[in-house]
Amino acid sequence: MDRLLRLLKGPLSLARPGVKRSSAPAGLGWAPLDRSHDGMALLNQAGEITDINPRALELLHCALPALAGLDFWEAVPEDVVDQHQGATLQALAASAQHAFVAHHKFEDSWVRYTFRRRATGFAVNLRDVGSTQGLLRQLDDSERYNQLVFEANPTPMWIFDHASLRILAANLAAVEFYGIPHKTFLTLGMGALFPGEGEGAAFARSLLSGRRGHGPAGTDLRLCQQQKQDGQRLLVELACGHMRWGGHQAVLVSLADVSQRHAADAELRRVNEELAQALAAQAIELKNAHRDLAAFTQAVSHDVQGRLHTANGFAKLLAEKYSVVLEGPGLHYLSRIQASIRQLASLVDDLRLLVQLPPVTGTPEKLDLVPLCQALFSDLRRRDPERVVTVEMADSLWLVGDRRLLKTALGCLLENAWKFTSKKADAWIKVGLSAGPKAGELVLTVSDNGAGFDPAYIDRLFTAFARLHSSADFPGNGLGLAIVRQVAVRHGGQVTAHSAGRAGATFSLLLPPPPPAGG
């Protein structure tokens, strides 16, 4: 008993002279030890080995020839004895069990020693825990890496505990952002970072309420205010993610200062509002100007048409009643007056048409252009019955658009082709329809072998009152192609022209696909 008390009170004096050792051979005292996957050793009350299995000998890497009767600590590597013997004996003096994990440096192995008190002494269990220790080291390395990433991250970040709302960690960027010393930071509750009393707790409740009874959630973005140590308040965006930190259920918070962005957004909204108001005012002014222009055009055309009608009536009376007294030059002058009156009346009609060209209204209809073209060609032949013009056109030309506008554009294009082929003995005009460069687009083309135009002046071609030929050669007022351009714009398309060396011309009206039904 005195021997056991000495063992439990302090370190053993290993291999002391005069210590009696048992002569029983090791490994033969208890057969079940040999069948254990762990190392097992049985000690008597004096701490001497009474039995030990081969696995224990393997884990201890003991080179002694016989262990029976040997003090157990003499079989243990010296560095393990120095580190753990005293603590083990002290622990066993107060408890029936003690365990520790030791590193066998020479073999670079990790062994767990577990001492249990038994009636006849002690049982020692030895287990290889190298794989477990490797995983623990990897975990430690991972935690150290996460800690390093957290500390070095340039984004302000802090972590608070789920239950207590106490701040568990803050990186250097957060310390600099808030202006709070690191030690002080770790004494605060997260509510100290919010400007209003109770705002932090309310924020935490709203953030954590969705977590109760659920698994890990994704990142939660919140827009709120934060308060620095000097009292300055800033609008920030907090990205919150749930995690474990130091054994705590915690929330990682990363911060982005959006004060300047918010101010810029507010300024942009203000500018957009002012711009919208200015555009609305300009739209009203444009609408009023268009209304006034339409009223002016209507009034002027009405008055001018009335005057022209009167002048034409008097000219006709002069020609009918006084032709016998008018000499040749007088009749010629009268003919010129009547021609000018007709030209001016045509100009007024075209100008009114250009100004008052209606928009595309309602649902565009599917129509065949062939009947429209035939009616327009019949009218041209009636006005100029002596002309012989070959017309080439498919049996049908189906498209979707506004009937009134397309008839107006076709009238201008066909009259233009009829006029500029007037000096050709074998004149021809072609009307065609083909697919456009994009899906659903159609291209309406009117070609002729007339006088053509100089491509250098193509930019002026669709401008009102622009003329590329002498009115003596080809009379007209220069409004036809401007009207065609407006029709194309009304349909959301465009018009182009092509002429090769004044050998005819081709005008193409590109029409986009019709809008979907009900769109």
# chains A, B, ... in the order shown; residues from 1 in each chain; ligands from 1

call {"tool": "residues_around", "arguments": {"residues": "segment 502-509 of chain A", "least_positions_apart": "5", "cutoff": "8 Å", "atoms": "only C-alpha atoms", "output": "PyMOL selection string"}}
result
chain A and resi 413+443-454+488+493-497

call {"tool": "write_last_selection", "arguments": {"atoms": "all heavy atoms", "output": "compact mmCIF listing (two decimals), in the first residue's frame"}}
result
# COMPACT_ATOMS: atom_id res chain seq x y z
N LEU A 413 -43.83 56.72 -105.63
CA LEU A 413 -42.75 55.99 -106.30
C LEU A 413 -43.10 55.69 -107.76
O LEU A 413 -42.24 55.82 -108.65
CB LEU A 413 -42.48 54.68 -105.54
CG LEU A 413 -41.80 54.82 -104.17
CD1 LEU A 413 -41.73 53.48 -103.46
CD2 LEU A 413 -40.39 55.41 -104.31
N VAL A 443 -38.88 43.75 -98.22
CA VAL A 443 -38.36 44.89 -98.98
C VAL A 443 -39.20 45.07 -100.23
O VAL A 443 -39.25 44.20 -101.10
CB VAL A 443 -36.88 44.70 -99.35
CG1 VAL A 443 -36.38 45.91 -100.13
CG2 VAL A 443 -36.02 44.48 -98.11
N LEU A 444 -39.90 46.21 -100.29
CA LEU A 444 -40.69 46.58 -101.47
C LEU A 444 -39.81 47.43 -102.39
O LEU A 444 -39.28 48.46 -101.95
CB LEU A 444 -41.93 47.35 -101.04
CG LEU A 444 -42.78 47.97 -102.16
CD1 LEU A 444 -43.36 46.89 -103.06
CD2 LEU A 444 -43.87 48.86 -101.57
N THR A 445 -39.61 47.02 -103.64
CA THR A 445 -38.74 47.74 -104.56
C THR A 445 -39.52 48.21 -105.79
O THR A 445 -40.40 47.50 -106.29
CB THR A 445 -37.57 46.85 -105.03
OG1 THR A 445 -38.10 45.68 -105.65
CG2 THR A 445 -36.69 46.46 -103.86
N VAL A 446 -39.19 49.42 -106.23
CA VAL A 446 -39.71 49.98 -107.49
C VAL A 446 -38.50 50.40 -108.32
O VAL A 446 -37.72 51.27 -107.90
CB VAL A 446 -40.63 51.19 -107.22
CG1 VAL A 446 -41.06 51.81 -108.55
CG2 VAL A 446 -41.85 50.76 -106.41
N SER A 447 -38.32 49.75 -109.46
CA SER A 447 -37.16 50.00 -110.33
C SER A 447 -37.63 50.53 -111.69
O SER A 447 -38.75 50.24 -112.12
CB SER A 447 -36.36 48.71 -110.55
OG SER A 447 -35.97 48.15 -109.31
N ASP A 448 -36.75 51.28 -112.33
CA ASP A 448 -37.06 51.78 -113.68
C ASP A 448 -35.76 51.95 -114.45
O ASP A 448 -34.68 51.87 -113.90
CB ASP A 448 -37.83 53.11 -113.59
CG ASP A 448 -37.01 54.21 -112.94
OD1 ASP A 448 -36.01 54.65 -113.55
OD2 ASP A 448 -37.37 54.65 -111.82
N ASN A 449 -35.89 52.16 -115.75
CA ASN A 449 -34.71 52.41 -116.60
C ASN A 449 -34.68 53.86 -117.07
O ASN A 449 -34.27 54.15 -118.19
CB ASN A 449 -34.70 51.46 -117.79
CG ASN A 449 -35.89 51.70 -118.73
OD1 ASN A 449 -36.91 52.24 -118.30
ND2 ASN A 449 -35.76 51.29 -119.99
N GLY A 450 -35.10 54.75 -116.18
CA GLY A 450 -35.17 56.17 -116.52
C GLY A 450 -33.86 56.90 -116.38
O GLY A 450 -32.77 56.31 -116.52
N ALA A 451 -33.94 58.17 -116.05
CA ALA A 451 -32.76 59.04 -116.03
C ALA A 451 -31.83 58.76 -114.87
O ALA A 451 -30.65 59.11 -114.91
CB ALA A 451 -33.22 60.50 -115.98
N GLY A 452 -32.33 58.10 -113.79
CA GLY A 452 -31.48 57.84 -112.63
C GLY A 452 -31.08 59.12 -111.92
O GLY A 452 -31.70 60.18 -112.09
N PHE A 453 -30.00 59.05 -111.13
CA PHE A 453 -29.52 60.23 -110.42
C PHE A 453 -28.05 60.05 -110.10
O PHE A 453 -27.50 58.94 -110.19
CB PHE A 453 -30.32 60.46 -109.12
CG PHE A 453 -30.28 59.29 -108.17
CD1 PHE A 453 -29.26 59.17 -107.21
CD2 PHE A 453 -31.26 58.31 -108.21
CE1 PHE A 453 -29.24 58.11 -106.35
CE2 PHE A 453 -31.24 57.24 -107.32
CZ PHE A 453 -30.22 57.13 -106.39
N ASP A 454 -27.41 61.14 -109.75
CA ASP A 454 -26.00 61.11 -109.40
C ASP A 454 -25.86 60.62 -107.96
O ASP A 454 -26.35 61.26 -107.02
CB ASP A 454 -25.40 62.52 -109.53
CG ASP A 454 -23.89 62.52 -109.35
OD1 ASP A 454 -23.34 61.50 -108.88
OD2 ASP A 454 -23.26 63.55 -109.65
N ALA A 488 -42.15 55.26 -94.63
CA ALA A 488 -41.25 54.23 -94.09
C ALA A 488 -41.05 54.42 -92.59
O ALA A 488 -41.08 53.45 -91.81
CB ALA A 488 -39.91 54.28 -94.82
N GLY A 493 -39.61 51.50 -90.54
CA GLY A 493 -38.62 51.02 -91.49
C GLY A 493 -37.79 52.14 -92.07
O GLY A 493 -37.62 53.20 -91.46
N GLN A 494 -37.28 51.93 -93.26
CA GLN A 494 -36.45 52.94 -93.91
C GLN A 494 -36.53 52.77 -95.41
O GLN A 494 -36.97 51.74 -95.91
CB GLN A 494 -34.99 52.82 -93.45
CG GLN A 494 -34.37 51.46 -93.73
CD GLN A 494 -32.96 51.33 -93.21
OE1 GLN A 494 -32.34 52.34 -92.85
NE2 GLN A 494 -32.43 50.13 -93.17
N VAL A 495 -36.08 53.81 -96.13
CA VAL A 495 -36.10 53.77 -97.59
C VAL A 495 -34.69 54.06 -98.10
O VAL A 495 -33.97 54.89 -97.54
CB VAL A 495 -37.12 54.78 -98.17
CG1 VAL A 495 -36.75 56.20 -97.80
CG2 VAL A 495 -37.25 54.63 -99.68
N THR A 496 -34.29 53.33 -99.13
CA THR A 496 -32.97 53.54 -99.73
C THR A 496 -33.13 53.65 -101.24
O THR A 496 -34.19 53.29 -101.80
CB THR A 496 -32.01 52.38 -99.41
OG1 THR A 496 -32.58 51.16 -99.87
CG2 THR A 496 -31.76 52.28 -97.90
N ALA A 497 -32.08 54.14 -101.90
CA ALA A 497 -32.11 54.31 -103.36
C ALA A 497 -30.77 53.90 -103.94
O ALA A 497 -29.73 53.99 -103.28
CB ALA A 497 -32.43 55.76 -103.71

call {"tool": "residues_around", "arguments": {"residues": "segment 168-174 of chain A", "least_positions_apart": "3", "cutoff": "8 Å", "atoms": "only C-alpha atoms", "output": "JSON, numbers by chain"}}
result
{"A": [150, 151, 152, 153, 154, 155, 156, 157, 158, 159, 160, 161, 177, 178, 182, 185, 186]}

call {"tool": "write_last_selection", "arguments": {"atoms": "N, CA and C atoms", "output": "short mmCIF file (atom, residue, chain, number, x, y, z; two decimals), in the first residue's frame"}}
result
data_model
loop_
_atom_site.label_atom_id
_atom_site.label_comp_id
_atom_site.auth_asym_id
_atom_site.auth_seq_id
_atom_site.Cartn_x
_atom_site.Cartn_y
_atom_site.Cartn_z
N PHE A 150 -9.80 35.96 -43.03
CA PHE A 150 -10.70 36.89 -42.34
C PHE A 150 -9.96 38.15 -41.92
N GLU A 151 -8.81 37.97 -41.31
CA GLU A 151 -8.05 39.12 -40.81
C GLU A 151 -7.54 40.00 -41.95
N ALA A 152 -7.08 39.37 -43.05
CA ALA A 152 -6.43 40.13 -44.12
C ALA A 152 -7.42 40.65 -45.16
N ASN A 153 -8.69 40.26 -45.06
CA ASN A 153 -9.67 40.68 -46.07
C ASN A 153 -9.84 42.20 -46.04
N PRO A 154 -9.76 42.87 -47.19
CA PRO A 154 -9.90 44.34 -47.22
C PRO A 154 -11.33 44.81 -46.97
N THR A 155 -12.30 43.90 -47.02
CA THR A 155 -13.69 44.26 -46.74
C THR A 155 -13.92 44.23 -45.24
N PRO A 156 -14.51 45.27 -44.65
CA PRO A 156 -14.81 45.23 -43.22
C PRO A 156 -15.71 44.04 -42.90
N MET A 157 -15.30 43.23 -41.92
CA MET A 157 -16.04 42.03 -41.54
C MET A 157 -16.03 41.87 -40.03
N TRP A 158 -17.16 41.42 -39.48
CA TRP A 158 -17.23 41.11 -38.06
C TRP A 158 -18.19 39.96 -37.84
N ILE A 159 -18.05 39.29 -36.70
CA ILE A 159 -18.83 38.08 -36.40
C ILE A 159 -19.49 38.26 -35.05
N PHE A 160 -20.79 37.91 -34.98
CA PHE A 160 -21.46 38.00 -33.68
C PHE A 160 -22.15 36.68 -33.36
N ASP A 161 -22.32 36.43 -32.06
CA ASP A 161 -22.89 35.20 -31.56
C ASP A 161 -24.41 35.21 -31.70
N PHE A 177 -12.63 50.90 -40.29
CA PHE A 177 -13.87 51.52 -40.76
C PHE A 177 -14.64 52.17 -39.62
N TYR A 178 -14.81 51.45 -38.54
CA TYR A 178 -15.59 51.98 -37.42
C TYR A 178 -14.77 52.90 -36.52
N HIS A 182 -9.39 47.35 -31.52
CA HIS A 182 -9.73 45.94 -31.62
C HIS A 182 -10.17 45.36 -30.28
N PHE A 185 -13.56 46.54 -29.52
CA PHE A 185 -14.51 45.93 -30.44
C PHE A 185 -15.05 44.62 -29.86
N LEU A 186 -14.16 43.80 -29.32
CA LEU A 186 -14.53 42.47 -28.84
C LEU A 186 -15.28 42.50 -27.52
#

call {"tool": "residues_around", "arguments": {"residues": "Pro514 of chain A", "least_positions_apart": "4", "cutoff": "10 Å", "atoms": "only C-alpha atoms", "output": "PyMOL selection string"}}
result
chain A and resi 363-366+399-401+440-441+491-492+519

call {"tool": "residues_around", "arguments": {"residues": "Arg118 of chain A", "least_positions_apart": "6", "cutoff": "10 Å", "atoms": "only C-alpha atoms", "output": "ChimeraX atom specification"}}
result
/A:42-45,96-97

call {"tool": "select_by_dssp", "arguments": {"residues": "segment 154-300 of chain A", "states": "strand (DSSP E or B)", "output": "number ranges by chain"}}
result
A: 157-161, 166-170, 189, 220-227, 233-245, 248-257

call {"tool": "select_by_dssp", "arguments": {"residues": "segment 395-452 of chain A", "states": "alpha helix (DSSP H)", "output": "number ranges by chain"}}
result
A: 403-420

call {"tool": "atom_distance", "arguments": {"atom1": "atom CA of Lys424 of chain A", "atom2": "atom CA of Ala500 of chain A"}}
result
16.5 Å

call {"tool": "atom_distance", "arguments": {"atom1": "atom CA of Glu320 of chain A", "atom2": "atom CA of Asp379 of chain A"}}
result
27.3 Å
